[in-house]
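Visitor: I'd like to ask some things about the structure below.
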Amino acid sequence: MEHLISVIVPVYNVEKFLPSCIDSILSQTYKKLEILLVDDGSTDACPAICDAYAAKDDRVRVMHKRNSGVSETRNMGLDLARGDYLCFVDADDTIDEGYVENLYQMLREKDADVALCGWHEFFPESGQPFPAVFLDPEETQVWNREQTLKALLYQIPIDCAFWAKLYKRELFEGIRMTPGRVYEDMEAGFQVFERVNLACYNPYKGYRYLLRDNGIIRGDFSERKMDQINFVEEMKERLLPGYPVLEPAIWSRFFRANCHIYLQIPDGPEYGKYRRRIEENIVESRWKVLRDPHARKGTRIAALCTYLGFPFFRSIRGLKKLGKR
C-alpha cells in the first residue's frame, strides 16, 4: 500500500527558480503526494505562480501568509500536512524524478524512521546539465540513534538540513521551529534525530541544492547569525550528559559552528563582543578537536591554526573551504 507523502515547500521571492522546483516535484515517479506551497508574503510573482500550479494539479495546495520568516513558514506546512511521511524541498532547489520513490522504498525496506541521501550542489549561472543519478541498494547503510547523531555531528556524510531526507510524520510531533531564529533546521533537526531509532542512508545524489550568495546562510554577517552559536551552546549542554560516547563528535560540531560564524565577522570594533564570545568557545574546544582522530582533517588543521593567534586565524585565505574537508 502506498502512503501519502507531504512535500513542504517554503516560498519567498524566488520567482526565477520556483517553476523548476515545482515541476521537479510534480514529475516524481511516486505519485501519491500532497505538495504544500507555503508562500511567506512574497512580493514578486511567486504567489501567482503557486496559484497557477494549484489550478493545474489537485495535489498542489497553496497557503499565502504574512511575511514572518522561514521558521513559521515551515511550521505552517507541518501543521497542515496530512501525509504519513514528510519531506522538505527549498523553493530554489530541485529533485531527481526518482527522489521520493527511492527514499520511500529505502525507508520501508529497512523499517527505518528516516531515509537520507546525498545531494548535488550547483550555482545558478553554471549552466551545467545535471548528471544522471541512480540509487544502488547495495550502498544503503542502516544506523542506530547514536550512529545517526554521530554522522550529523561530524557532518559526515550527512547534515541536519531538512532537505535530502524523508521522515516519518510522528518524528515531528510536538517539535516546531523557533520563530525568527536563523539555522532553524539545525535546532529542530537535532531534536528530531534524538527520536530516531533507525535511519537509513544512501549516497544517491537525488537532491539538487542551489548555492546562492544572497541567502541568509551564505550572505554577509549579521547579529542574527549568532543564533547558530546560541544553538550549539545549548546542544552541547543537552547532549553531553545523555550521550557520553558522542563527546568527541559533540565538541567537533561545537568547534566547527563557532569557526564558521567567526570567519564571517568583520574586524571592526563594533563586532568585538561577538568575536570575544566565539574566541572563548574556540579556546574551550580546540584541544579536544586536536585529540580526536575522527574529526575532519580540515577541522583539526583549523584548531591548530588558532594556537597561532586569532588575527592569523582570520587572515588565512581559503580556511572555510579547508574546513569542509
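If you're wondering about the labels, chains in the C-alpha cells are A, B, ... by order shown, residues count from 1 in each chain, ligands from 1 in order shown.
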Could you name the residues that touch region 91-108 of chain A at 6 Å or less, counting only C-alpha atoms, but leaving out those on the same chain fewer than 3 positions away, as a ChimeraX atom specification?
Guide: /A:9,11,17-18,21,24,27-30,111-112,115,206-210
Visitor: Give me the residues near Leu149 (chain A) as a ChimeraX atom specification, where near means some atom within 12 Å (using only C-alpha atoms) and where sequence neighbours in that chain fewer than 5 positions away do not count.
Guide: /A:143-144,154-160,189-199,235,239,242-243,245-250,253
Visitor: Have a look at A:Val60, A:Leu86, A:Ala161, A:Leu153 and name the one nearest to Ile35 (chain A); count only C-alpha atoms.
Guide: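 Once distances to Ile35 (chain A) are computed over only C-alpha atoms, the minimum belongs to A:Val60.
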Visitor: Using DSSP on the backbone, list every residue of region 80-291 of chain A that comes out as helix (DSSP H, G or I), and give them as a PyMOL selection string.
Guide: chain A and resi 80+99-110+137-139+145-154+169-172+184-193+223-242+244-262+269-290
Visitor: Tell me which protein, DNA and RNA residues are within 12 Å of Tyr85 (chain A), counting only C-alpha atoms, leaving out same-chain ones fewer than 4 positions away, and put them as a ChimeraX atom specification.
Guide: /A:2-8,32-34,78,81,100-101,103-104,107-108,112-115,165-172
Visitor: Go ahead and write the selection's residues with N, CA, C and O atoms as a compact mmCIF listing (two decimals), in the first residue's frame.
Guide:
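Okay, again_36.txt is ready:
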# COMPACT_ATOMS: atom_id res chain seq x y z
N GLU A 2 0.61 2.15 -0.93
CA GLU A 2 1.32 3.42 -0.96
C GLU A 2 0.75 4.35 0.10
O GLU A 2 -0.45 4.39 0.35
N HIS A 3 1.62 5.12 0.73
CA HIS A 3 1.23 6.09 1.73
C HIS A 3 1.28 7.50 1.13
O HIS A 3 2.05 7.77 0.21
N LEU A 4 0.47 8.39 1.68
CA LEU A 4 0.52 9.78 1.26
C LEU A 4 1.78 10.43 1.82
O LEU A 4 2.08 10.32 3.02
N ILE A 5 2.52 11.12 0.98
CA ILE A 5 3.73 11.82 1.37
C ILE A 5 3.51 13.31 1.15
O ILE A 5 3.13 13.74 0.06
N SER A 6 3.75 14.08 2.19
CA SER A 6 3.62 15.53 2.12
C SER A 6 4.97 16.15 1.79
O SER A 6 5.96 15.88 2.47
N VAL A 7 5.00 16.98 0.76
CA VAL A 7 6.21 17.69 0.36
C VAL A 7 6.00 19.16 0.72
O VAL A 7 5.12 19.83 0.15
N ILE A 8 6.77 19.65 1.69
CA ILE A 8 6.60 21.01 2.20
C ILE A 8 7.61 21.93 1.53
O ILE A 8 8.83 21.69 1.61
N LYS A 32 1.64 9.56 -5.17
CA LYS A 32 0.70 9.85 -4.08
C LYS A 32 1.29 10.91 -3.17
O LYS A 32 1.81 10.64 -2.09
N LEU A 33 1.23 12.15 -3.64
CA LEU A 33 1.84 13.29 -2.95
C LEU A 33 0.81 14.37 -2.67
O LEU A 33 -0.16 14.52 -3.40
N GLU A 34 1.05 15.12 -1.62
CA GLU A 34 0.45 16.44 -1.49
C GLU A 34 1.61 17.43 -1.42
O GLU A 34 2.57 17.23 -0.67
N LEU A 78 4.04 22.07 8.37
CA LEU A 78 3.92 20.91 9.26
C LEU A 78 2.52 20.81 9.86
O LEU A 78 1.97 19.71 9.99
N ALA A 81 0.13 19.55 7.03
CA ALA A 81 0.46 18.31 6.32
C ALA A 81 -0.45 17.16 6.75
O ALA A 81 -0.71 16.97 7.93
N VAL A 100 11.69 10.85 -4.38
CA VAL A 100 10.74 10.44 -3.35
C VAL A 100 10.57 8.93 -3.32
O VAL A 100 10.58 8.30 -2.25
N GLU A 101 10.44 8.31 -4.48
CA GLU A 101 10.25 6.86 -4.52
C GLU A 101 11.46 6.13 -3.94
O GLU A 101 11.30 5.17 -3.17
N LEU A 103 13.68 7.19 -1.69
CA LEU A 103 13.74 7.35 -0.24
C LEU A 103 12.63 6.56 0.44
O LEU A 103 12.85 5.96 1.50
N TYR A 104 11.45 6.55 -0.14
CA TYR A 104 10.33 5.81 0.44
C TYR A 104 10.62 4.32 0.47
O TYR A 104 10.39 3.65 1.49
N LEU A 107 13.25 3.53 3.16
CA LEU A 107 12.68 3.61 4.50
C LEU A 107 11.80 2.41 4.82
O LEU A 107 11.88 1.83 5.91
N ARG A 108 10.97 2.03 3.87
CA ARG A 108 10.06 0.90 4.10
C ARG A 108 10.81 -0.43 4.18
O ARG A 108 10.51 -1.27 5.03
N ALA A 112 12.85 1.86 8.78
CA ALA A 112 13.54 2.97 9.43
C ALA A 112 12.57 4.11 9.71
O ALA A 112 11.45 4.15 9.20
N ASP A 113 13.01 5.05 10.53
CA ASP A 113 12.22 6.23 10.86
C ASP A 113 12.49 7.38 9.90
O ASP A 113 11.66 8.27 9.74
N VAL A 114 13.67 7.36 9.29
CA VAL A 114 14.04 8.41 8.37
C VAL A 114 14.98 7.83 7.32
O VAL A 114 15.79 6.95 7.62
N ALA A 115 14.83 8.29 6.07
CA ALA A 115 15.74 7.91 4.98
C ALA A 115 16.50 9.15 4.55
O ALA A 115 15.93 10.24 4.43
N LYS A 165 16.00 14.27 2.85
CA LYS A 165 15.54 13.32 3.86
C LYS A 165 14.04 13.07 3.69
O LYS A 165 13.31 13.95 3.24
N LEU A 166 13.62 11.89 4.09
CA LEU A 166 12.20 11.56 4.18
C LEU A 166 11.93 11.05 5.59
O LEU A 166 12.60 10.13 6.06
N TYR A 167 10.96 11.66 6.27
CA TYR A 167 10.73 11.40 7.68
C TYR A 167 9.37 10.73 7.90
O TYR A 167 8.39 11.06 7.23
N LYS A 168 9.30 9.87 8.91
CA LYS A 168 8.00 9.51 9.45
C LYS A 168 7.39 10.74 10.10
O LYS A 168 8.07 11.48 10.80
N ARG A 169 6.12 10.92 9.89
CA ARG A 169 5.45 12.11 10.38
C ARG A 169 5.57 12.29 11.89
O ARG A 169 5.78 13.40 12.39
N GLU A 170 5.49 11.17 12.64
CA GLU A 170 5.45 11.27 14.09
C GLU A 170 6.74 11.82 14.70
O GLU A 170 6.75 12.26 15.86
N LEU A 171 7.82 11.82 13.95
CA LEU A 171 9.06 12.39 14.47
C LEU A 171 8.91 13.86 14.81
O LEU A 171 9.64 14.39 15.66
N PHE A 172 7.99 14.56 14.14
CA PHE A 172 7.82 16.00 14.33
C PHE A 172 6.72 16.34 15.32
O PHE A 172 6.44 17.53 15.52
Visitor: So what do you get for CA of Arg224 (chain A) versus CA of Tyr183 (chain A), distance-wise?
Guide: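 Distance reported for this atom pair: 9.5 Å.
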Visitor: Considering only C-alpha atoms, can you say which of A:Pro47, A:Glu125, A:Gly118, A:Gly272 comes closest to Glu139 (chain A)?
Guide: A:Gly118
Visitor: Would you compute the distance between CA of Lys288 (chain A) and CA of Ala151 (chain A)? Give it in Å to one decimal.
Guide: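 Between CA of Lys288 (chain A) and CA of Ala151 (chain A) the gap is 17.9 Å.
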Visitor: Applying 12 Å and only C-alpha atoms, which residues near Phe313 (chain A) remain after dropping the ones on its own chain fewer than 3 positions away? List them as number ranges by chain.
Guide: A: 259, 262-263, 279, 282, 301-310, 316-320
Visitor: Have a look at CA of Glu233 (chain A) and CA of Gly268 (chain A) and let me know their distance in Å, one decimal.
Guide: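 So the answer is 24.6 Å.
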Visitor: Write out as a PyMOL selection string all residues of region 132-198 of chain A that backbone DSSP assigns to strand (DSSP E or B).
Guide: chain A and resi 141-144+165-168+198
Visitor: Keeping N, CA, C and O atoms, export the residues of the selection given above as a short mmCIF file (atom, residue, chain, number, x, y, z; two decimals), in the first residue's frame.
Guide:
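Below you can see part-v9.cif, which holds the result:
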data_model
loop_
_atom_site.label_atom_id
_atom_site.label_comp_id
_atom_site.auth_asym_id
_atom_site.auth_seq_id
_atom_site.Cartn_x
_atom_site.Cartn_y
_atom_site.Cartn_z
N GLN A 141 23.11 2.07 4.00
CA GLN A 141 23.57 1.77 5.35
C GLN A 141 22.43 1.99 6.33
O GLN A 141 21.59 2.87 6.13
N VAL A 142 22.41 1.19 7.41
CA VAL A 142 21.40 1.34 8.45
C VAL A 142 22.11 1.71 9.75
O VAL A 142 23.08 1.06 10.15
N TRP A 143 21.65 2.78 10.37
CA TRP A 143 22.30 3.31 11.59
C TRP A 143 21.31 3.32 12.75
O TRP A 143 20.13 3.59 12.57
N ASN A 144 21.83 3.06 13.96
CA ASN A 144 21.01 3.27 15.15
C ASN A 144 21.07 4.75 15.54
O ASN A 144 21.69 5.57 14.85
N LYS A 165 16.00 14.27 2.85
CA LYS A 165 15.54 13.32 3.86
C LYS A 165 14.04 13.07 3.69
O LYS A 165 13.31 13.95 3.24
N LEU A 166 13.62 11.89 4.09
CA LEU A 166 12.20 11.56 4.18
C LEU A 166 11.93 11.05 5.59
O LEU A 166 12.60 10.13 6.06
N TYR A 167 10.96 11.66 6.27
CA TYR A 167 10.73 11.40 7.68
C TYR A 167 9.37 10.73 7.90
O TYR A 167 8.39 11.06 7.23
N LYS A 168 9.30 9.87 8.91
CA LYS A 168 8.00 9.51 9.45
C LYS A 168 7.39 10.74 10.10
O LYS A 168 8.07 11.48 10.80
N LEU A 198 16.04 4.07 14.11
CA LEU A 198 16.81 3.58 12.97
C LEU A 198 16.75 4.60 11.83
O LEU A 198 15.68 5.15 11.55
#
Visitor: Given the choices A:Leu37, A:Trp163, A:Asn230, A:Arg314, which gets closest to Cys87 (chain A) if the distance is worked out from only C-alpha atoms?
Guide: A:Trp163
